[in-house]
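Below: one structure, written as structure tokens.
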Amino acid sequence: MHRPALGEAHLAARAWLRGQIVAAGLEFRIDRAGNHSAFLACGPAGAPTLLMGSHLDSVPHGGRFDGALGVLAALETLRVVREAHVSLPVHLEAMDFTDEEGTLVGELGSAALAGTLSAQMLQNPRGGRAALQAGLARAGLAEVGLLAARRDPATLAGYLELHIEQGPRLVQAQAPIGVVTGIVGLCSYRLTFAGQGDHAGTTPMADRQDAALGASAFTLAARQVVLEDFPGCVVNVGEMRFAPGAFNIVPAQVDVALEFRAPEPEMLDRLEAALLGQARAAAGQFGLELQVEPLGRTDPTPMSKAAQRAVAEAAGALGLAHVALASGAVHDAQSLAAVCPAGMAFVPSVAGASHSPREFTPWADCVNGANVLLQAALRMALEGGREGREGIG
Ligand SMILES: [Zn+2]
């Protein structure tokens, strides 16, 4: 599936979704961030709305289930409630959020809706300014609209998202449903190991200040530290850039793209300190200078207790085994958690494969997930009516 956000294939998928929404007799909506949705006024006038959804965009050459499953399961939930003529204390809305995957910005539509999108994020987007401007123009959107797409949190009863796990844990646990406890926090850094460029043939081994050795020693040590001391965390060195970068020159400088994730804020802090300590030690070991440039941090986001309970009870009532787990990937639910009770259900990914054409979830698991979403939404809707909204966090 190759559907980068606001490209022709993505816009075609959105046009298809619009047709499905209208054909189902639901109200079709587009907000100023381009989020597409189906709305069902099944609550009393002035009632808040329980949102569900995910995203129809994909990473380049990704899989068929990431995002699309959550959008279609949300739409199906609205169809079932409409066909059954069920009245609820809330309205229901099924959303296809704009640019979740970050071809342009990442969680663009959900951040805009939650009011956490900043002008700064649009000035320096990860996909580049030109790609963002071209995508917005293709979709008939404007930056000023993105920044004005915030919805009043008082109108939101909550948010539920069904998604594929994108990892191997549900398959390993032989559980058809995952109750997501939270979404991991993430830090990224650029580390620069600086030594001295020298002749690769004439400089004695003992006399070299080889920046590649520091970068390599750090990469191996980082893996070891996480394996030994940080269960549930991950670290990735996704890129090393060598300068000058030639067969016959000892590397003078290596830029390392470092990213690491942890499920708890305090753990993210400790992991950060441990990894930067390893970087300094590796630089010192090989006589190198180290520059540390922080590039961004997203704190871990817990899912609401009410939403976790709704998903777990829904699975239990359907006779589906479920396990609690943190999400190692980022999702739109992270944006929504800032403004309303948010939760997620996962279904298994065969071989843990995702962001790849190998991504696959058996049909029976997709159906289980959709049923859990429906039942969890009904529980959240009724609880929202009885007890009012729970506090955020
Ligand atoms: Zn996704």
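Quick note on naming: the chains in the structure tokens go A, B, ... in the order shown, residues restart at 1 in each chain, and ligands are numbered from 1 in order of appearance.
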> Can you list, as a PyMOL selection string, every protein, DNA or RNA residue that comes within 7 Å of segment 354-361 of chain A when you count only C-alpha atoms, leaving out same-chain residues fewer than 2 positions away?
Replying inline: chain A and resi 1+59+61-65+166+348-350+352+363+365-366
> Which protein, DNA or RNA residues have an atom within 12 Å of ligand 1, counting only C-alpha atoms and all ligand atoms, as a PyMOL selection string?
Replying inline: chain A and resi 53-59+62-71+96-102+106-107+161-166+327-334+344+346+354-355+359
Write out the residues from the selection above, keeping C-alpha atoms, as a CSV table (one decimal), in the first residue's frame.
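Writing the result to selection33.csv gives the following:
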chain,number,residue,atom,x,y,z
A,53,GLY,CA,-11.0,6.4,14.1
A,54,SER,CA,-7.5,6.2,12.8
A,55,HIS,CA,-5.9,7.1,9.4
A,56,LEU,CA,-6.1,6.1,5.7
A,57,ASP,CA,-2.6,7.4,4.8
A,58,SER,CA,0.3,4.9,4.8
A,59,VAL,CA,4.0,5.0,5.0
A,62,GLY,CA,3.5,0.0,3.7
A,63,GLY,CA,0.8,-2.5,4.5
A,64,ARG,CA,-2.9,-2.7,4.1
A,65,PHE,CA,-4.0,-2.7,7.7
A,66,ASP,CA,-2.1,0.1,9.5
A,67,GLY,CA,-4.7,2.8,10.0
A,68,ALA,CA,-7.3,1.6,7.5
A,69,LEU,CA,-8.6,-1.1,9.9
A,70,GLY,CA,-9.4,1.5,12.6
A,71,VAL,CA,-11.2,3.8,10.2
A,96,ASP,CA,-10.0,9.5,9.2
A,97,PHE,CA,-7.2,11.7,10.5
A,98,THR,CA,-4.9,13.6,8.1
A,99,ASP,CA,-1.2,12.6,7.8
A,100,GLU,CA,-0.8,10.3,10.8
A,101,GLU,CA,2.3,8.6,9.4
A,102,GLY,CA,4.4,11.7,9.1
A,106,GLY,CA,2.9,13.3,11.6
A,107,GLU,CA,-0.3,13.2,13.7
A,161,GLU,CA,-9.0,3.6,18.2
A,162,LEU,CA,-8.6,0.1,16.9
A,163,HIS,CA,-5.2,-0.6,15.4
A,164,ILE,CA,-3.0,-3.5,14.4
A,165,GLU,CA,-0.3,-4.2,17.1
A,166,GLN,CA,2.6,-3.8,14.6
A,327,SER,CA,2.2,0.7,22.3
A,328,GLY,CA,5.8,1.1,20.9
A,329,ALA,CA,4.4,3.0,17.9
A,330,VAL,CA,2.9,6.5,17.9
A,331,HIS,CA,-0.8,6.8,17.1
A,332,ASP,CA,-3.5,9.5,16.8
A,333,ALA,CA,-4.8,8.5,20.3
A,334,GLN,CA,-1.7,10.2,21.7
A,344,MET,CA,-6.9,1.8,22.0
A,346,PHE,CA,-4.9,-3.9,19.3
A,354,SER,CA,4.3,-3.7,9.8
A,355,HIS,CA,5.2,-0.7,7.7
A,359,GLU,CA,1.8,-6.7,7.2
>> I need the residues of segment 112-287 of chain A that end up classed as helix (DSSP H, G or I) by DSSP on the backbone, written out as a PyMOL selection string.
In response: chain A and resi 112-114+119-123+129-139+143-146+153-155+169-173+205-207+211-229+265-285
>> I'd like the neighbourhood of segment 121-138 of chain A as a ChimeraX atom specification, where a residue qualifies if any of its atoms comes within 10 Å (using only C-alpha atoms), though same-chain residues fewer than 5 positions away should be ignored.
In response: /A:4-8,11,33-34,99,102-106,108,116,143,146-147
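Coordinates place atom CA of Thr219 of chain A at a distance of 12.1 Å from atom CA of Arg280 of chain A.
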>> For Ala377 of chain A, find every residue with an atom within 12 Å (counting only C-alpha atoms), except residues of its own chain fewer than 4 positions away, and show them as a ChimeraX atom specification.
In response: /A:49-53,73-74,76-78,80-81,88-94,157-162,306-315,341-345,370-373,381-384
Any chance you could list, as an mmCIF file with C-alpha atoms, in the first residue's frame, the residues in segment 67-191 of chain A that come up strand (DSSP E) when DSSP is run on the backbone?
data_model
loop_
_atom_site.group_PDB
_atom_site.id
_atom_site.type_symbol
_atom_site.label_atom_id
_atom_site.label_comp_id
_atom_site.auth_asym_id
_atom_site.auth_seq_id
_atom_site.Cartn_x
_atom_site.Cartn_y
_atom_site.Cartn_z
ATOM 1 C CA HIS A 91 -23.172 11.251 19.446
ATOM 2 C CA LEU A 92 -20.748 9.039 17.518
ATOM 3 C CA GLU A 93 -18.178 10.089 14.926
ATOM 4 C CA ALA A 94 -15.801 7.936 12.853
ATOM 5 C CA MET A 95 -12.650 9.816 11.792
ATOM 6 C CA ASP A 96 -9.992 9.468 9.153
ATOM 7 C CA LEU A 156 -15.599 15.396 23.159
ATOM 8 C CA ALA A 157 -16.834 12.467 25.252
ATOM 9 C CA GLY A 158 -13.746 10.397 24.474
ATOM 10 C CA TYR A 159 -11.714 8.683 21.759
ATOM 11 C CA LEU A 160 -11.302 5.007 20.870
ATOM 12 C CA GLU A 161 -8.992 3.569 18.215
ATOM 13 C CA LEU A 162 -8.646 0.051 16.877
ATOM 14 C CA HIS A 163 -5.227 -0.648 15.364
ATOM 15 C CA ILE A 164 -2.990 -3.544 14.443
ATOM 16 C CA ILE A 177 -6.993 -8.495 21.781
ATOM 17 C CA GLY A 178 -4.514 -6.063 23.297
ATOM 18 C CA VAL A 179 -5.677 -3.446 25.795
ATOM 19 C CA VAL A 180 -3.319 -0.526 25.274
ATOM 20 C CA THR A 181 -2.129 0.940 28.577
ATOM 21 C CA GLY A 182 -0.220 3.821 27.040
ATOM 22 C CA ILE A 183 1.888 5.009 24.150
ATOM 23 C CA GLY A 185 7.585 8.342 24.888
ATOM 24 C CA LEU A 186 10.321 9.054 22.399
ATOM 25 C CA CYS A 187 13.537 11.086 22.369
ATOM 26 C CA SER A 188 15.747 11.797 19.393
ATOM 27 C CA TYR A 189 19.284 13.174 19.329
ATOM 28 C CA ARG A 190 22.017 13.930 16.857
ATOM 29 C CA LEU A 191 25.351 12.814 18.374
#
